[in-house]
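Trainee: The following block contains the structure, expressed as structure tokens.
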Amino acid sequence: MKFTKMHGAGNDYIYVDCFNENVENPEELSRKLSHRHFGVGADGLVLIKPSFVADCSMNIYNSDGTEAQMCGNAIRCVAKYIYDNKKKRDKIKIDTLSGIKVVEIHSESGIAVGGTVNMGKPIFNGRQIPTRYGMSVVKDQIINIDNNDYKITCVGMGNPHCIVFCSDIDKLELNKIGLLFEHHEMFPERINTEFVESIDENHLKMRVWERGSGETLACGTGACAVAVSAIVNGLCQRNKEIKIEALGGTLTVKWHEDNNVYLTGEAVEIFKGEIKM
């Protein structure tokens with residue numbers, strides 16, 4: 001089976017072209033190939049499939065084999081793959097579990113190097129995110145993790161996110177508290193958690209714990225949720241570009257007046273390979 005490994009801001013996945021390949025058990029394959037020591041090494045597996053309603057569809061599997069609804073970094077890489085290998089279009093439509101998303105391609109010398117994705121409208125309603133909070137906007141809620149109280153904001157951006165604004169995020173014991181957030185009783189489908197430090201009104205720094213994968217170098221839906229949360233909490237302004245600095249690189253997010261959130265970032269091919277199945 002042939003594959004391509006790509007990353008967006010260090011958020012790396014193994015991509016399989018299911019126009020040409022057949023994957024029977026993606027959950028098991030993702031667990032096997034994602035292992036950093038005994039596999040290829042990745043945050044997960046992405047299957048690029050044919051679609052009747054878009055240029056392609058994508059299915060995302062975390063490194064633990066669970067399926068994700070959406071990934072803002074992975075979708076740019078899928079768009080890059082389609083642009084580079086199948087269809088030279090300025091905009092690539094991709095069908096996801098969170099609906100059809102459109103990626104505007106950024107190219108150099110006929111090769112896609114990144115893109116801007118319309119990530120859709122943020123969800124604030126506690127039940128719809130989903131959380132077990134019943135309010136229409138989950139903001140300024142206190143959650144106790146390991147005998148410490150954290151003030152949180154929750155946002156749905158295709159995936160559920162919990163955002164904590166704090167200082168000195170480099171010193172956080174994320175391997176400990178990230179897992180406790182992920183499996184907290186208030187989050188019925190588990191949760192992605194971002195710990196965010198405000199640099200200025202146009203610049204935020206984040207570390208992210210992704211459900212099913214642990215700490216990752218970046219998260220596209222997480223960057224969007226962070227920007228929206230910063231605006232809701234009065235730290236940043238609406239309709240302006242916000243730089244989100246993650247461990248693997250910088251993403252740019254803009255929450256437009258039309259209520260859609262736009263994510264911009266790189267899409268990089270690392271290498272191609274072939275696995276004996």
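Following the order of the structure tokens, first chain is A, next is B, and so on, with residues numbered from 1 inside each chain and ligands from 1 in the order they appear.
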Name the residues of stretch 140-245 of chain A that fall into strand (DSSP E or B) according to DSSP on the backbone, using the chain letters and numbers of this document, as a PyMOL selection string.

Mentor: chain A and resi 140-145+148-156+160-165+192-200+203-210+214-216+242-245

Trainee: Give me every helix (DSSP H, G or I) residue in stretch 64-164 of chain A, going by DSSP on the backbone, as a count of residues only.

Mentor: 14

Trainee: Between stretch 67-158 of chain A and stretch 163-170 of chain A, at 12 Å or less, what are the per-residue closest atom pairs and their distances in Å? Count only C-alpha atoms, order by chain and rising residue number, and return it as CSV.

Mentor:
residue,atom,partner,partner_atom,distance
A:Val138,CA,A:Ile163,CA,10.4
A:Lys139,CA,A:Ile163,CA,9.5
A:Asp140,CA,A:Val164,CA,9.7
A:Gln141,CA,A:Val164,CA,10.2
A:Ile142,CA,A:Val164,CA,10.2
A:Ile143,CA,A:Val164,CA,10.3
A:Asp149,CA,A:Val164,CA,10.7
A:Tyr150,CA,A:Val164,CA,7.0
A:Lys151,CA,A:Val164,CA,6.3
A:Ile152,CA,A:Val164,CA,5.0
A:Thr153,CA,A:Ile163,CA,5.2
A:Cys154,CA,A:Ile163,CA,6.1
A:Val155,CA,A:Ile163,CA,7.9
A:Gly156,CA,A:Ile163,CA,10.8

Trainee: Contacts of A:Val226 at 9 Å or less, counting only C-alpha atoms, minus same-chain residues fewer than 5 places along, as a ChimeraX atom specification?

Mentor: /A:155,161-164,194-196,204,206,221,231,244

Trainee: Hey, can you spit out that residue selection with C-alpha atoms as a compact mmCIF listing (two decimals), in the first residue's frame?

Mentor:
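Written output follows (part-v7.txt):
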# COMPACT_ATOMS: atom_id res chain seq x y z
CA VAL A 155 -16.43 26.08 21.36
CA HIS A 161 -12.84 22.28 22.22
CA CYS A 162 -12.20 23.51 25.74
CA ILE A 163 -10.02 26.62 26.01
CA VAL A 164 -8.09 27.73 29.10
CA GLU A 194 -6.10 24.27 24.37
CA PHE A 195 -4.02 26.15 26.92
CA VAL A 196 -3.51 29.68 25.65
CA LEU A 204 -1.77 34.09 20.85
CA MET A 206 -1.13 27.73 22.48
CA THR A 221 -9.84 23.36 14.59
CA ILE A 231 -12.60 37.39 20.76
CA ILE A 244 -1.87 31.41 16.66

Trainee: Name all residues at most 10 Å from A:Asp17 (count only C-alpha atoms; drop same-chain ones fewer than 5 positions away) and give them as a compact mmCIF listing (two decimals) with N, CA and C atoms, in the first residue's frame.

Mentor:
# COMPACT_ATOMS: atom_id res chain seq x y z
N MET A 1 0.84 -1.19 0.00
CA MET A 1 0.00 0.00 0.00
C MET A 1 0.88 1.25 0.00
N LYS A 2 0.64 2.15 -0.93
CA LYS A 2 1.39 3.40 -1.01
C LYS A 2 0.76 4.46 -0.11
N PHE A 3 1.60 5.33 0.43
CA PHE A 3 1.11 6.40 1.29
C PHE A 3 1.97 7.64 1.10
N THR A 4 1.45 8.76 1.56
CA THR A 4 2.20 10.02 1.60
C THR A 4 2.12 10.56 3.01
N ASN A 22 -7.16 0.24 -1.14
CA ASN A 22 -8.29 -0.20 -0.33
C ASN A 22 -7.82 -0.44 1.10
N VAL A 23 -8.47 0.20 2.05
CA VAL A 23 -8.13 0.04 3.47
C VAL A 23 -9.33 -0.58 4.17
N VAL A 46 -5.18 9.48 7.52
CA VAL A 46 -6.23 10.15 6.74
C VAL A 46 -6.43 9.39 5.44
N LEU A 47 -7.69 9.03 5.18
CA LEU A 47 -8.04 8.37 3.92
C LEU A 47 -8.65 9.39 2.97
N ILE A 48 -8.09 9.49 1.77
CA ILE A 48 -8.60 10.39 0.74
C ILE A 48 -9.42 9.55 -0.23
N LYS A 49 -10.73 9.81 -0.29
CA LYS A 49 -11.65 8.95 -1.03
C LYS A 49 -12.40 9.73 -2.12
N PRO A 50 -12.94 9.00 -3.10
CA PRO A 50 -13.81 9.66 -4.09
C PRO A 50 -15.08 10.18 -3.42
N MET A 58 -12.72 12.94 2.96
CA MET A 58 -11.62 12.55 3.84
C MET A 58 -12.18 11.94 5.12
N VAL A 78 -4.84 17.40 2.45
CA VAL A 78 -5.67 16.67 1.49
C VAL A 78 -5.86 17.52 0.22
N TYR A 81 -2.77 17.43 -1.81
CA TYR A 81 -2.63 16.16 -2.53
C TYR A 81 -3.49 16.16 -3.80
N ILE A 82 -4.74 16.60 -3.66
CA ILE A 82 -5.64 16.64 -4.83
C ILE A 82 -5.11 17.61 -5.88

Trainee: Select, from A:His106, A:Arg190, A:Lys240, A:Arg207, the residue with the minimum atom-to-atom distance to A:Leu172, counting only C-alpha atoms.

Mentor: A:Arg207

Trainee: Quick one: residues within 12 Å of A:Ile177, only C-alpha atoms counted, chain neighbours fewer than 6 positions away excluded, as a ChimeraX atom specification?

Mentor: /A:144-150,164,183-184,192-195,208-209,214-215

Trainee: How would the residues just picked look written out with C-alpha atoms as a PDB file, in the first residue's frame?

Mentor:
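As written to disk, selection_32.pdb reads:
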ATOM      1  CA  ASN A 144     -11.788  21.180  38.766  1.00  0.00           C
ATOM      2  CA  ILE A 145      -8.924  19.083  37.433  1.00  0.00           C
ATOM      3  CA  ASP A 146      -6.535  17.350  39.838  1.00  0.00           C
ATOM      4  CA  ASN A 147      -7.695  19.628  42.701  1.00  0.00           C
ATOM      5  CA  ASN A 148      -7.072  22.804  40.684  1.00  0.00           C
ATOM      6  CA  ASP A 149      -9.783  25.126  39.370  1.00  0.00           C
ATOM      7  CA  TYR A 150      -9.609  26.236  35.717  1.00  0.00           C
ATOM      8  CA  VAL A 164      -8.086  27.726  29.096  1.00  0.00           C
ATOM      9  CA  HIS A 183     -12.007  12.281  29.971  1.00  0.00           C
ATOM     10  CA  HIS A 184     -13.796  14.677  32.348  1.00  0.00           C
ATOM     11  CA  ASN A 192      -9.738  18.691  22.821  1.00  0.00           C
ATOM     12  CA  THR A 193      -8.142  21.178  25.215  1.00  0.00           C
ATOM     13  CA  GLU A 194      -6.099  24.272  24.369  1.00  0.00           C
ATOM     14  CA  PHE A 195      -4.022  26.153  26.920  1.00  0.00           C
ATOM     15  CA  VAL A 208      -2.999  21.587  22.556  1.00  0.00           C
ATOM     16  CA  TRP A 209      -4.110  18.225  23.862  1.00  0.00           C
ATOM     17  CA  GLY A 214      -2.334  13.419  23.181  1.00  0.00           C
ATOM     18  CA  GLU A 215      -0.264  16.575  22.843  1.00  0.00           C
TER      19      GLU A 215
END

Trainee: If we count only C-alpha atoms and set the cut-off at 6 Å, which residues sit around A:Ser30, ignoring sequence neighbours fewer than 4 positions away in its own chain? Please answer as a PDB file with C-alpha atoms, in the first residue's frame.

Mentor:
ATOM      1  CA  PRO A  26      -8.515   1.920   9.198  1.00  0.00           C
ATOM      2  CA  SER A  34       1.000   6.065  13.846  1.00  0.00           C
ATOM      3  CA  GLY A  44      -3.045   9.627  12.787  1.00  0.00           C
ATOM      4  CA  LEU A  45      -4.246   8.321   9.440  1.00  0.00           C
ATOM      5  CA  SER A  63      -3.363   7.593  16.600  1.00  0.00           C
ATOM      6  CA  GLY A  65      -7.777   4.418  16.186  1.00  0.00           C
TER       7      GLY A  65
END

Trainee: For A:Asn239, which of A:Val253, A:Cys224, A:Ile270, A:Cys56 is the closest residue, counting only C-alpha atoms?

Mentor: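 Of A:Val253, A:Cys224, A:Ile270, A:Cys56, the one nearest A:Asn239, counting only C-alpha atoms, is A:Val253.
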
Trainee: Could you tell me which of A:His37, A:Arg211, A:Lys205, A:Lys101 comes closest to A:Pro160 if we count only C-alpha atoms?

Mentor: A:Arg211

Trainee: May I ask which of the residues A:Thr252, A:Met277, A:Ile105, A:Ala112 is the closest one to A:Glu21, counting only C-alpha atoms?

Mentor: A:Met277

Trainee: Skip A:Gln237 itself and residues of its chain fewer than 4 positions away, then list as a PyMOL selection string all residues within 10 Å of it, counting only C-alpha atoms.

Mentor: chain A and resi 201-202+227-228+230-233+241-242+254-255

Trainee: Could you state the separation of atom CA of A:Asp90 and atom CA of A:Val268 in Å, given to one decimal place?

Mentor: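 Taking atom CA of A:Asp90 and atom CA of A:Val268, their separation equals 17.3 Å.
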